[in-house]
$ cat work.cif   # mmCIF, C-alpha atoms
data_my_file
#
loop_
_atom_site.label_atom_id
_atom_site.label_comp_id
_atom_site.auth_asym_id
_atom_site.auth_seq_id
_atom_site.Cartn_x
_atom_site.Cartn_y
_atom_site.Cartn_z
CA MET D 100 42.23 -3.21 -5.35
CA ARG D 101 38.49 -2.59 -5.14
CA GLU D 102 38.81 0.83 -6.78
CA LYS D 103 40.91 -0.62 -9.59
CA LEU D 104 38.25 -3.26 -10.23
CA ILE D 105 35.49 -0.62 -10.26
CA TYR D 106 37.41 1.56 -12.74
CA THR D 107 38.30 -1.41 -14.95
CA LEU D 108 34.70 -2.65 -15.07
CA GLY D 109 33.34 0.86 -15.67
CA ILE D 110 35.81 1.74 -18.43
CA LEU D 111 35.44 -1.66 -20.12
CA GLY D 112 31.66 -1.37 -19.97
CA THR D 113 31.70 2.14 -21.43
CA LEU D 114 34.04 1.10 -24.24
CA VAL D 115 31.88 -1.89 -25.16
CA MET D 116 28.79 0.34 -24.98
CA VAL D 117 30.32 3.01 -27.26
CA TYR D 118 31.50 0.40 -29.78
CA ASN D 119 28.07 -1.23 -29.67
CA LEU D 120 26.21 2.05 -30.12
CA HIS D 121 28.44 2.77 -33.13
CA THR D 122 27.49 -0.62 -34.63
CA ILE D 123 23.80 -0.19 -33.83
CA PHE D 124 23.45 3.31 -35.22
CA LEU D 125 25.88 3.28 -38.13
CA ASP D 126 26.34 -0.31 -39.31
CA LEU D 127 23.00 -2.04 -38.86
CA PRO D 128 20.30 -1.48 -41.48
CA ASP D 129 16.76 -0.38 -40.58
CA GLU D 130 14.39 -3.20 -39.76
CA ALA D 131 11.87 -4.12 -42.47
CA MET D 132 8.70 -3.66 -40.37
CA GLN D 133 9.71 -1.19 -37.66
CA GLY D 134 12.15 1.14 -39.40
CA ALA D 135 14.78 2.81 -37.23
CA VAL D 136 13.11 2.52 -33.83
CA TYR D 137 13.89 -1.20 -33.38
CA ARG D 138 17.41 -0.13 -32.26
CA ILE D 139 15.99 0.72 -28.84
CA LEU D 140 15.60 -3.02 -28.25
CA PHE D 141 19.39 -3.38 -27.93
CA ILE D 142 19.03 -1.39 -24.69
CA HIS D 143 15.49 -2.36 -23.68
CA VAL D 144 15.98 -6.14 -23.48
CA PRO D 145 19.56 -6.24 -22.08
CA ALA D 146 18.46 -3.76 -19.37
CA VAL D 147 15.74 -6.05 -18.09
CA ILE D 148 17.79 -9.25 -18.36
CA ASN D 149 20.57 -7.60 -16.35
CA ALA D 150 18.04 -6.19 -13.88
CA PHE D 151 16.62 -9.67 -13.25
CA THR D 152 20.13 -11.10 -12.93
CA PHE D 153 20.91 -8.57 -10.19
CA LEU D 154 17.54 -9.25 -8.55
CA ALA D 155 18.32 -12.98 -8.52
CA VAL D 156 21.65 -12.20 -6.83
CA ALA D 157 19.75 -10.03 -4.31
CA LEU D 158 17.33 -12.91 -3.68
CA CYS D 159 20.22 -15.28 -2.91
CA THR D 160 21.98 -12.76 -0.66
CA SER D 161 18.70 -11.97 1.14
CA VAL D 162 18.22 -15.66 1.93
CA ALA D 163 21.91 -15.83 2.93
CA PHE D 164 21.42 -12.87 5.28
CA LEU D 165 18.45 -14.50 7.00
CA ALA D 166 20.44 -17.73 7.35
CA THR D 167 23.73 -16.23 8.56
CA LYS D 168 22.88 -12.70 9.81
CA LYS D 169 26.07 -11.40 8.17
CA PHE D 170 25.64 -7.75 7.15
CA ILE D 171 27.73 -8.06 4.02
CA TYR D 172 24.83 -9.99 2.42
CA ASP D 173 22.44 -7.15 3.22
CA SER D 174 24.83 -4.67 1.63
CA ILE D 175 25.07 -6.77 -1.54
CA SER D 176 21.27 -7.05 -1.65
CA VAL D 177 20.66 -3.32 -1.45
CA ALA D 178 23.43 -2.56 -3.95
CA CYS D 179 22.03 -5.06 -6.45
CA ILE D 180 18.43 -3.94 -5.97
CA GLU D 181 19.27 -0.27 -6.46
CA VAL D 182 21.06 -0.95 -9.74
CA ALA D 183 18.34 -3.38 -10.84
CA THR D 184 15.64 -0.78 -10.11
CA ALA D 185 17.50 1.75 -12.27
CA PHE D 186 17.73 -0.83 -15.07
CA MET D 187 14.03 -1.63 -14.72
CA LEU D 188 13.28 2.07 -15.12
CA VAL D 189 15.44 2.13 -18.26
CA ASN D 190 13.48 -0.85 -19.54
CA LEU D 191 10.10 0.77 -18.82
CA VAL D 192 11.06 4.12 -20.36
CA THR D 193 12.62 2.65 -23.53
CA GLY D 194 9.67 0.28 -23.91
CA SER D 195 7.29 3.18 -23.58
CA ILE D 196 9.12 5.15 -26.27
CA TRP D 197 9.05 2.13 -28.57
CA GLY D 198 5.34 1.65 -27.86
CA ARG D 199 4.57 5.27 -28.74
CA ASN D 200 6.27 4.81 -32.09
CA GLN D 201 4.90 1.36 -32.92
CA TRP D 202 1.50 1.24 -31.25
CA GLY D 203 0.75 4.96 -31.12
CA ILE D 204 0.38 4.86 -27.33
CA TRP D 205 2.83 5.31 -24.48
CA TRP D 206 1.28 2.66 -22.26
CA THR D 207 -1.22 -0.18 -22.26
CA TRP D 208 -2.35 -2.35 -19.34
CA ASP D 209 -1.45 -5.73 -20.74
CA LEU D 210 0.00 -8.48 -18.57
CA ARG D 211 3.66 -8.02 -19.52
CA LEU D 212 3.72 -4.25 -19.06
CA THR D 213 1.64 -4.33 -15.89
CA SER D 214 3.64 -7.08 -14.21
CA MET D 215 6.86 -5.24 -15.08
CA LEU D 216 5.53 -2.01 -13.59
CA ILE D 217 4.46 -3.89 -10.44
CA CYS D 218 7.93 -5.40 -10.20
CA PHE D 219 9.46 -1.93 -10.41
CA LEU D 220 7.05 -0.60 -7.75
CA LEU D 221 7.76 -3.53 -5.42
CA TYR D 222 11.48 -2.85 -5.42
CA LEU D 223 10.86 0.88 -5.19
CA GLY D 224 8.91 0.05 -2.00
CA TYR D 225 11.97 -1.88 -0.78
CA LEU D 226 14.21 1.16 -1.34
CA LEU D 227 11.67 3.52 0.28
CA MET D 228 11.29 1.26 3.28
CA ARG D 229 14.99 0.94 4.19
CA PRO D 230 15.59 4.49 5.45
CA ALA D 231 12.40 4.26 7.54
CA ILE D 232 13.94 1.66 9.89
CA THR D 233 16.77 2.92 12.05
CA GLU D 234 17.90 -0.24 13.81
CA PRO D 235 20.44 -1.98 11.47
CA THR D 236 19.56 -5.62 12.19
CA GLN D 237 15.89 -4.91 11.92
CA ARG D 238 16.37 -2.97 8.69
CA ALA D 239 18.38 -5.78 7.12
CA THR D 240 15.91 -8.48 8.20
CA MET D 241 12.81 -6.64 6.98
CA SER D 242 14.57 -5.75 3.73
CA ALA D 243 15.52 -9.38 3.14
CA PHE D 244 11.90 -10.39 3.74
CA ILE D 245 10.58 -7.84 1.23
CA SER D 246 13.23 -8.78 -1.31
CA ILE D 247 12.19 -12.45 -1.14
CA PHE D 248 8.48 -11.60 -1.39
CA ALA D 249 9.02 -9.16 -4.25
CA PHE D 250 11.01 -11.65 -6.31
CA ALA D 251 7.82 -13.73 -6.68
CA ASP D 252 6.77 -11.21 -9.37
CA VAL D 253 9.85 -11.81 -11.56
CA PRO D 254 8.74 -15.24 -12.92
CA LEU D 255 5.34 -13.68 -13.68
CA VAL D 256 7.00 -10.96 -15.80
CA ILE D 257 9.06 -13.57 -17.64
CA MET D 258 6.06 -15.88 -18.18
CA ALA D 259 3.63 -13.07 -19.11
CA ILE D 260 4.26 -13.45 -22.86
CA ARG D 261 4.62 -17.23 -22.72
CA LEU D 262 1.39 -18.20 -20.92
CA PRO D 263 -1.25 -19.97 -22.98
CA ASN D 264 -4.62 -18.16 -23.34
CA VAL D 265 -3.12 -14.80 -22.43
CA ARG D 266 -3.13 -12.21 -25.17
CA THR D 267 -0.59 -9.46 -24.75
CA GLN D 268 0.18 -6.52 -26.94
CA HIS D 269 3.87 -6.90 -26.10
CA PRO D 270 5.80 -8.81 -28.83
CA GLY D 271 6.24 -12.52 -28.17
CA PRO D 272 9.52 -14.17 -27.20
CA VAL D 273 12.23 -13.68 -29.81
CA LEU D 274 15.43 -15.03 -28.30
CA GLU D 275 14.57 -18.69 -27.73
CA THR D 276 12.50 -19.01 -30.91
CA GLY D 277 15.48 -18.05 -33.07
CA ASN D 278 13.55 -15.19 -34.69
CA LEU D 279 16.37 -12.74 -34.09
CA ALA D 280 18.19 -12.08 -37.38
CA PRO D 281 21.81 -13.35 -37.26
CA ALA D 282 23.15 -9.83 -37.89
CA PHE D 283 21.39 -8.61 -34.72
CA VAL D 284 22.84 -11.28 -32.42
CA PRO D 285 26.35 -9.81 -31.82
CA PRO D 286 25.15 -6.27 -30.98
CA PHE D 287 22.50 -7.76 -28.72
CA LEU D 288 25.05 -9.85 -26.81
CA LEU D 289 27.46 -6.91 -26.63
CA GLY D 290 24.61 -4.76 -25.25
CA MET D 291 24.08 -7.38 -22.54
CA LEU D 292 27.79 -7.42 -21.74
CA ALA D 293 28.11 -3.62 -21.67
CA LEU D 294 25.20 -3.17 -19.27
CA PHE D 295 26.42 -6.06 -17.14
CA LEU D 296 29.87 -4.49 -16.78
CA ILE D 297 28.48 -1.02 -16.03
CA GLY D 298 25.91 -2.52 -13.65
CA SER D 299 28.57 -4.52 -11.80
CA ALA D 300 30.73 -1.40 -11.43
CA LEU D 301 27.72 0.47 -10.00
CA VAL D 302 26.94 -2.42 -7.64
CA LEU D 303 30.53 -2.34 -6.37
CA VAL D 304 30.35 1.44 -5.85
CA ARG D 305 27.12 1.08 -3.87
CA LEU D 306 28.55 -1.85 -1.92
CA HIS D 307 31.54 0.27 -0.98
CA GLN D 308 29.22 3.09 0.17
CA GLU D 309 27.11 0.68 2.22
CA THR D 310 30.10 -0.85 4.01
CA SER D 311 31.54 2.61 4.73
CA ARG D 312 28.18 3.76 6.05
CA ARG D 313 27.96 0.75 8.32
CA GLU D 314 31.49 1.38 9.63
CA ILE D 315 30.67 5.05 10.32
CA ASP D 316 27.48 3.98 12.07
CA SER D 317 29.31 1.57 14.35
CA ILE D 318 31.98 4.18 15.19
CA ARG D 319 29.22 6.65 16.01
CA ARG D 320 27.54 4.09 18.25
CA GLU D 321 30.82 3.39 20.04
CA LEU D 322 31.34 7.11 20.61
CA HIS D 323 27.84 7.47 22.01
CA ALA D 324 28.48 4.49 24.29
CA VAL D 325 31.56 6.19 25.66
CA MET Z 84 1.86 -28.83 15.57
CA LYS Z 85 -1.26 -29.31 17.72
CA ASP Z 86 0.09 -26.94 20.38
CA GLY Z 87 0.80 -24.37 17.67
CA LEU Z 88 -2.77 -24.60 16.35
CA VAL Z 89 -4.16 -24.20 19.88
CA ALA Z 90 -1.91 -21.15 20.37
CA ALA Z 91 -3.04 -19.75 17.00
CA LEU Z 92 -6.67 -20.12 18.02
CA ALA Z 93 -5.97 -18.46 21.37
CA ILE Z 94 -4.24 -15.51 19.64
CA ALA Z 95 -7.09 -15.20 17.13
CA GLY Z 96 -9.58 -15.24 20.00
CA LYS Z 97 -7.59 -12.63 21.91
CA ASP Z 98 -7.38 -10.33 18.86
CA LEU Z 99 -11.08 -10.67 18.13
CA ARG Z 100 -12.03 -10.05 21.78
CA THR Z 101 -9.83 -6.95 21.93
CA GLU Z 102 -11.33 -5.69 18.70
CA LEU Z 103 -14.91 -6.36 19.76
CA ARG Z 104 -14.31 -4.53 23.04
CA THR Z 105 -12.58 -1.49 21.57
CA LYS Z 106 -14.01 -1.67 18.01
CA GLU Z 107 -11.20 0.64 16.91
CA SER Z 108 -10.36 -0.82 13.48
CA LEU Z 109 -13.78 -2.33 12.83
CA THR Z 110 -15.73 0.92 13.01
CA ALA Z 111 -12.96 2.89 11.29
CA SER Z 112 -12.73 0.42 8.43
CA LEU Z 113 -16.51 0.12 8.07
CA SER Z 114 -17.15 3.84 7.99
CA PHE Z 115 -14.18 4.36 5.67
CA SER Z 116 -15.63 1.76 3.24
CA LEU Z 117 -19.00 3.50 3.21
CA VAL Z 118 -17.39 6.91 2.66
CA ILE Z 119 -15.35 5.52 -0.25
CA LEU Z 120 -18.49 3.98 -1.76
CA VAL Z 121 -20.21 7.37 -1.60
CA LEU Z 122 -17.15 9.14 -3.02
CA PHE Z 123 -16.97 6.75 -5.98
CA SER Z 124 -20.57 7.58 -6.84
CA PHE Z 125 -19.51 11.21 -7.30
CA ALA Z 126 -16.38 10.29 -9.21
CA PHE Z 127 -18.19 8.37 -11.95
CA ASP Z 128 -21.38 9.25 -13.77
CA LEU Z 129 -22.10 6.01 -15.56
CA GLY Z 130 -24.81 4.23 -17.52
CA ARG Z 131 -25.96 0.76 -16.45
CA ASP Z 132 -23.64 -1.26 -18.75
CA GLU Z 133 -20.60 0.83 -17.90
CA LEU Z 134 -21.38 0.48 -14.21
CA TYR Z 135 -21.51 -3.31 -14.46
CA ALA Z 136 -18.21 -3.28 -16.37
CA ILE Z 137 -16.38 -1.55 -13.51
CA SER Z 138 -18.43 -2.95 -10.61
CA GLY Z 139 -15.87 -5.60 -9.58
CA GLY Z 140 -13.11 -3.02 -9.57
CA LEU Z 141 -15.14 -0.63 -7.40
CA LEU Z 142 -15.97 -3.32 -4.88
CA TRP Z 143 -12.42 -4.66 -4.56
CA LEU Z 144 -10.87 -1.21 -4.27
CA VAL Z 145 -13.16 -0.56 -1.32
CA TYR Z 146 -12.29 -3.96 0.18
CA SER Z 147 -8.56 -3.47 -0.24
CA PHE Z 148 -8.70 -0.01 1.41
CA ALA Z 149 -10.65 -1.51 4.30
CA GLY Z 150 -8.19 -4.42 4.45
CA ALA Z 151 -5.16 -2.14 4.80
CA LEU Z 152 -6.83 -0.41 7.76
CA ILE Z 153 -7.57 -3.70 9.50
CA VAL Z 154 -4.20 -5.42 8.97
CA ASN Z 155 -2.37 -2.24 9.95
CA ARG Z 156 -3.69 -2.65 13.49
CA SER Z 157 -2.84 -6.35 13.58
CA PHE Z 158 0.66 -5.96 15.04
CA ALA Z 159 0.40 -2.28 15.97
CA ARG Z 160 -2.15 -3.37 18.58
CA GLU Z 161 0.68 -5.19 20.41
CA LEU Z 162 2.96 -2.15 20.72
CA PRO Z 163 1.63 -0.52 23.92
CA ASN Z 164 3.01 -2.09 27.13
CA ASP Z 165 5.54 -4.12 25.06
CA CYS Z 166 2.93 -6.79 24.36
CA LEU Z 167 4.75 -7.72 21.14
CA ASP Z 168 7.87 -8.76 23.09
CA VAL Z 169 5.75 -10.87 25.41
CA LEU Z 170 4.00 -12.49 22.46
CA VAL Z 171 7.31 -13.28 20.75
CA SER Z 172 8.87 -14.71 23.91
CA SER Z 173 5.82 -16.87 24.63
CA PRO Z 174 6.09 -20.62 23.86
CA ALA Z 175 3.85 -20.14 20.78
CA PRO Z 176 5.86 -20.64 17.55
CA GLY Z 177 6.12 -17.74 15.08
CA TRP Z 178 3.85 -19.38 12.52
CA ALA Z 179 1.13 -19.78 15.17
CA ILE Z 180 1.27 -16.04 15.96
CA CYS Z 181 1.03 -15.23 12.25
CA LEU Z 182 -1.78 -17.75 11.69
CA GLY Z 183 -3.77 -16.53 14.70
CA LYS Z 184 -3.47 -12.91 13.66
CA THR Z 185 -4.34 -13.78 10.06
CA VAL Z 186 -7.49 -15.64 11.14
CA ALA Z 187 -8.56 -12.67 13.28
CA ALA Z 188 -7.87 -10.14 10.51
CA PHE Z 189 -9.64 -12.41 8.00
CA LEU Z 190 -12.80 -12.67 10.13
CA LEU Z 191 -12.86 -8.92 10.80
CA LEU Z 192 -12.37 -8.10 7.13
CA VAL Z 193 -15.04 -10.58 6.00
CA THR Z 194 -17.43 -8.96 8.49
CA VAL Z 195 -16.71 -5.50 7.05
CA GLU Z 196 -17.10 -6.84 3.51
CA LEU Z 197 -20.41 -8.58 4.20
CA ILE Z 198 -21.81 -5.43 5.78
CA THR Z 199 -20.56 -3.25 2.91
CA LEU Z 200 -21.81 -5.53 0.13
CA PRO Z 201 -25.57 -4.76 0.52
CA PHE Z 202 -24.78 -1.03 0.61
CA PHE Z 203 -22.77 -1.44 -2.56
CA GLY Z 204 -25.74 -3.18 -4.21
CA LEU Z 205 -28.07 -0.50 -2.92
CA PHE Z 206 -26.01 2.54 -3.96
CA TYR Z 207 -25.10 1.26 -7.41
CA ASN Z 208 -28.19 -0.86 -8.24
CA ILE Z 209 -26.17 -4.00 -8.72
CA ALA Z 210 -27.89 -7.36 -8.25
CA TRP Z 211 -25.07 -9.16 -6.44
CA TRP Z 212 -27.23 -11.92 -4.96
CA HIS Z 213 -27.81 -13.76 -8.28
CA SER Z 214 -24.61 -15.77 -8.01
CA SER Z 215 -23.90 -15.24 -4.36
CA GLY Z 216 -22.37 -18.74 -3.87
CA THR Z 217 -19.44 -18.14 -6.21
CA LEU Z 218 -19.20 -14.52 -5.09
CA PHE Z 219 -18.75 -15.61 -1.47
CA ALA Z 220 -16.10 -18.12 -2.55
CA VAL Z 221 -14.21 -15.30 -4.31
CA ILE Z 222 -14.63 -13.01 -1.31
CA LEU Z 223 -13.32 -15.67 1.09
CA LEU Z 224 -10.35 -16.64 -1.10
CA ALA Z 225 -9.26 -13.08 -1.90
CA THR Z 226 -9.82 -11.88 1.67
CA TRP Z 227 -7.63 -14.67 3.01
CA GLY Z 228 -4.91 -13.52 0.59
CA ILE Z 229 -5.24 -9.90 1.72
CA ALA Z 230 -5.20 -10.98 5.37
CA VAL Z 231 -2.17 -13.28 5.18
CA VAL Z 232 0.02 -10.91 3.13
CA GLY Z 233 -1.26 -7.92 5.09
CA VAL Z 234 -0.53 -9.44 8.50
CA SER Z 235 3.01 -10.47 7.54
CA PHE Z 236 3.73 -7.00 6.12
CA SER Z 237 2.14 -5.47 9.20
CA ALA Z 238 4.81 -7.34 11.18
CA VAL Z 239 7.46 -5.85 8.87
CA THR Z 240 6.22 -2.28 9.20
CA VAL Z 241 5.24 -2.34 12.87
CA ASN Z 242 8.39 -0.55 14.00
CA VAL Z 243 8.77 1.66 10.94
CA ARG Z 244 8.39 5.40 10.93
CA LEU Z 245 5.23 6.42 8.98
CA ARG Z 246 3.81 2.91 9.44
CA GLU Z 247 0.36 3.83 8.14
CA LEU Z 248 1.92 5.03 4.89
CA MET Z 249 4.56 2.33 4.39
CA LEU Z 250 2.17 -0.60 4.73
CA PRO Z 251 -0.03 0.29 1.72
CA VAL Z 252 3.06 1.22 -0.35
CA LEU Z 253 4.45 -2.29 0.18
CA LEU Z 254 1.17 -4.17 0.35
CA TYR Z 255 -0.77 -3.07 -2.73
CA PRO Z 256 1.85 -3.95 -5.39
CA ILE Z 257 2.13 -7.45 -3.88
CA LEU Z 258 -1.66 -7.79 -3.87
CA ILE Z 259 -2.19 -6.68 -7.49
CA PRO Z 260 -2.29 -10.21 -9.02
CA LEU Z 261 -4.84 -11.24 -6.38
CA LEU Z 262 -6.94 -8.11 -6.83
CA VAL Z 263 -6.87 -8.43 -10.63
CA SER Z 264 -8.14 -12.00 -10.40
CA ALA Z 265 -10.81 -11.13 -7.83
CA ILE Z 266 -11.95 -8.11 -9.87
CA GLY Z 267 -12.16 -10.23 -13.05
CA VAL Z 268 -14.35 -12.92 -11.49
CA THR Z 269 -16.52 -10.45 -9.55
CA THR Z 270 -17.22 -8.31 -12.61
CA ALA Z 271 -18.09 -11.45 -14.60
CA LEU Z 272 -20.43 -12.61 -11.81
CA PHE Z 273 -22.21 -9.25 -11.59
CA SER Z 274 -22.56 -9.01 -15.38
CA GLU Z 275 -23.80 -12.64 -15.60
CA ASP Z 276 -22.00 -12.92 -18.91
CA PRO Z 277 -21.24 -16.64 -19.52
CA GLN Z 278 -18.44 -15.85 -21.97
CA MET Z 279 -16.76 -13.54 -19.49
CA LEU Z 280 -17.24 -16.11 -16.71
CA SER Z 281 -15.51 -18.89 -18.63
CA ALA Z 282 -12.69 -16.49 -19.53
CA ASN Z 283 -12.24 -15.77 -15.83
CA GLY Z 284 -12.30 -19.43 -14.71
CA VAL Z 285 -8.52 -19.35 -14.54
CA SER Z 286 -8.69 -16.34 -12.18
CA LEU Z 287 -10.36 -18.46 -9.51
CA GLN Z 288 -7.52 -21.00 -9.74
CA LEU Z 289 -5.03 -18.12 -9.58
CA LEU Z 290 -6.63 -16.98 -6.32
CA ILE Z 291 -6.15 -20.44 -4.83
CA VAL Z 292 -2.53 -20.61 -6.03
CA PHE Z 293 -1.88 -17.13 -4.63
CA ASP Z 294 -3.37 -18.08 -1.26
CA ILE Z 295 -1.37 -21.30 -0.94
CA MET Z 296 1.88 -19.69 -2.09
CA TYR Z 297 1.75 -16.64 0.16
CA THR Z 298 0.33 -18.49 3.18
CA SER Z 299 3.22 -20.95 3.17
CA LEU Z 300 5.77 -18.18 2.51
CA ALA Z 301 4.35 -15.98 5.30
CA LEU Z 302 4.08 -18.78 7.87
CA TYR Z 303 7.60 -19.95 7.13
CA MET Z 304 9.23 -16.52 7.15
CA ILE Z 305 7.41 -14.80 10.01
CA GLU Z 306 9.86 -16.28 12.52
CA PHE Z 307 12.71 -14.32 10.90
CA ILE Z 308 10.75 -11.07 11.07
CA LEU Z 309 9.47 -11.37 14.61
CA ILE Z 310 12.75 -12.41 16.18
CA VAL Z 311 15.21 -9.68 15.21
#
$ encode --input "work.cif" --output "structure tokens"
Amino acid sequence: MREKLIYTLGILGTLVMVYNLHTIFLDLPDEAMQGAVYRILFIHVPAVINAFTFLAVALCTSVAFLATKKFIYDSISVACIEVATAFMLVNLVTGSIWGRNQWGIWWTWDLRLTSMLICFLLYLGYLLMRPAITEPTQRATMSAFISIFAFADVPLVIMAIRLPNVRTQHPGPVLETGNLAPAFVPPFLLGMLALFLIGSALVLVRLHQETSRREIDSIRRELHAV
Amino acid sequence: MKDGLVAALAIAGKDLRTELRTKESLTASLSFSLVILVLFSFAFDLGRDELYAISGGLLWLVYSFAGALIVNRSFARELPNDCLDVLVSSPAPGWAICLGKTVAAFLLLVTVELITLPFFGLFYNIAWWHSSGTLFAVILLATWGIAVVGVSFSAVTVNVRLRELMLPVLLYPILIPLLVSAIGVTTALFSEDPQMLSANGVSLQLLIVFDIMYTSLALYMIEFILIV
């Protein structure tokens, strides 16, 4: 059942992604100001929105772990955070490529870019820290703590281009102001859907690995006890 | 609540007494700060204006390095003889342990900072005493932030392999908003540029918000970390 779901999500996601890439590259016209490079935004923005969605799920499951001490919540947290970290990297890399084309530089230390990089580093710290703790309960508890602390940066990333008196080089908000051309809306939404489906499939794969690993660990412990 | 505060004070007193008797993290952190100050002077060859422009950054990098050394010992000090287990099983609530250790780390770090500051002024010819009132407020606010986040992460990493390495990896990204604000205000204070100072007024408020937010989060969550 689980495998079927993973395959269905993965194949659906890939199909939507391929269809969307076809639309983006072959159907959509170049943008008036940016030329061809604007197409990267159909990956760049959905990647980060999906990343933050998975991080929000990880926040909830981290709190749930601390409240209930059930290991399944820890497994969901780590699965979500791993996928979200990969999506954040996609966001940073695509943004950097866009910046090189539009601004002439790969990177600038403005609030949006910096807070996003910090967010990525925080969750990278989470992933680095996990293997360093051997005791399972301790590992899950400390990880939940870091996940909750690290999430404090997410609102800062979101607000970075919306704060008054803060000048950023990053373009201002487009979605809620209605500045996105109507022709760009469907590929944007499909991009979100495609990455969400692929991300969910990856989360399920990681979740499966985590539960198997935990089972193997407990069998090993039992054997040692005997 | 009152019992908790008394326990916190007792733990802070215990930590400070231990530190004053052994002086292990105090001397290490102090000498490390001075070495870093000297190293920076070789790293940059700057004119007066450029030096003032990066002065806040230099000072806070030194302080954050010193801070990591001090908070690292905060819970690690309790490892020999299973003192941590005794501390956790004592009647003192978790938040009191965290508060006591934070107060001790805060006082130690402020001591290191106040000793380092004149050397910083001396080595780099920076007149830091012109606006010392606001500067001390920034130092106290930012140091409290470093201490409270540092102590709670020190509790997280106390049983981790490569503890000395993991703590800075986790700590510095969390501290970046605080350090950026502190650096902004400190540089503006050193430069005595009114325009820059008014632009950094919001940074001081950010420091206060950061302190309140992370203090409440740390005091609330420490119970979960200590009792595993």
$ closest_residue --input "work.cif" --among "Z:Leu205, Z:Val268, Z:Val263, Z:Val118" --to "chain D" --atoms "only C-alpha atoms"
Z:Val263
$ closest_atom_pairs --input "work.cif" --of "chain Z" --to "chain D" --cutoff "6 Å" --atoms "all atoms listed in the file" --output "JSON lines"
{"residue": "Z:Val239", "atom": "CA", "partner": "D:Met241", "partner_atom": "CA", "distance": 5.7}
{"residue": "Z:Val243", "atom": "CA", "partner": "D:Ile232", "partner_atom": "CA", "distance": 5.3}
{"residue": "Z:Arg244", "atom": "CA", "partner": "D:Ala231", "partner_atom": "CA", "distance": 5.4}
{"residue": "Z:Leu253", "atom": "CA", "partner": "D:Gly224", "partner_atom": "CA", "distance": 5.5}
{"residue": "Z:Pro256", "atom": "CA", "partner": "D:Ile217", "partner_atom": "CA", "distance": 5.7}
{"residue": "Z:Val311", "atom": "CA", "partner": "D:Gln237", "partner_atom": "CA", "distance": 5.8}
$ resolve_selection --input "work.cif" --expression "the PyMOL selection byres ((chain D and resi 143-155) around 10)" --output "NGL selection string"
:D and (137-142 or 156-161 or 175-195 or 197 or 215 or 222 or 246-247 or 249-250 or 253-254 or 257 or 287-296 or 298-299 or 302)
$ resolve_selection --input "work.cif" --expression "the PyMOL selection byres ((chain Z and resi 143) around 10)" --output "PyMOL selection string"
chain Z and resi 138-142+144-150+196+222+225-226+262-263+265-266+269
$ atom_distance --input "work.cif" --atom1 "atom CA of Ala91 of chain Z" --atom2 "atom CA of Leu182 of chain Z"
5.8 Å
$ atom_distance --input "work.cif" --atom1 "atom CA of Asn200 of chain D" --atom2 "atom CA of Val136 of chain D"
7.4 Å
$ closest_residue --input "work.cif" --among "Z:Val154, Z:Phe127, Z:Arg246, Z:Leu309" --to "Asp168 of chain Z" --atoms "all atoms listed in the file"
Z:Leu309
$ atom_distance --input "work.cif" --atom1 "atom CA of Thr107 of chain D" --atom2 "atom CA of Leu120 of chain D"
19.7 Å
$ residues_around --input "work.cif" --residues "Ile105 of chain D" --least-positions-apart "5" --cutoff "12 Å" --atoms "only C-alpha atoms" --output "ChimeraX atom specification"
/D:100,110-112,296-307
$ build_atoms --input "work.cif" --residues "segment 314-323 of chain D" --atoms "N, CA and C atoms" --output "PDB file, keeping the file's coordinate frame"
ATOM      1  N   GLU D 314      30.330   1.134   8.751  1.00  0.00           N
ATOM      2  CA  GLU D 314      31.490   1.380   9.630  1.00  0.00           C
ATOM      3  C   GLU D 314      31.298   2.689  10.394  1.00  0.00           C
ATOM      4  N   ILE D 315      30.885   3.745   9.671  1.00  0.00           N
ATOM      5  CA  ILE D 315      30.670   5.050  10.320  1.00  0.00           C
ATOM      6  C   ILE D 315      29.621   4.923  11.415  1.00  0.00           C
ATOM      7  N   ASP D 316      28.547   4.177  11.095  1.00  0.00           N
ATOM      8  CA  ASP D 316      27.480   3.980  12.070  1.00  0.00           C
ATOM      9  C   ASP D 316      28.007   3.329  13.345  1.00  0.00           C
ATOM     10  N   SER D 317      28.846   2.291  13.159  1.00  0.00           N
ATOM     11  CA  SER D 317      29.310   1.570  14.350  1.00  0.00           C
ATOM     12  C   SER D 317      30.267   2.449  15.164  1.00  0.00           C
ATOM     13  N   ILE D 318      31.092   3.267  14.456  1.00  0.00           N
ATOM     14  CA  ILE D 318      31.980   4.180  15.190  1.00  0.00           C
ATOM     15  C   ILE D 318      31.150   5.184  15.989  1.00  0.00           C
ATOM     16  N   ARG D 319      30.081   5.685  15.322  1.00  0.00           N
ATOM     17  CA  ARG D 319      29.220   6.650  16.010  1.00  0.00           C
ATOM     18  C   ARG D 319      28.593   6.028  17.256  1.00  0.00           C
ATOM     19  N   ARG D 320      28.139   4.779  17.112  1.00  0.00           N
ATOM     20  CA  ARG D 320      27.540   4.090  18.250  1.00  0.00           C
ATOM     21  C   ARG D 320      28.551   3.932  19.396  1.00  0.00           C
ATOM     22  N   GLU D 321      29.779   3.553  19.017  1.00  0.00           N
ATOM     23  CA  GLU D 321      30.820   3.390  20.040  1.00  0.00           C
ATOM     24  C   GLU D 321      31.050   4.701  20.786  1.00  0.00           C
ATOM     25  N   LEU D 322      31.116   5.790  20.004  1.00  0.00           N
ATOM     26  CA  LEU D 322      31.340   7.110  20.610  1.00  0.00           C
ATOM     27  C   LEU D 322      30.225   7.461  21.574  1.00  0.00           C
ATOM     28  N   HIS D 323      28.985   7.180  21.140  1.00  0.00           N
ATOM     29  CA  HIS D 323      27.840   7.470  22.010  1.00  0.00           C
ATOM     30  C   HIS D 323      27.908   6.642  23.275  1.00  0.00           C
TER      31      HIS D 323
END
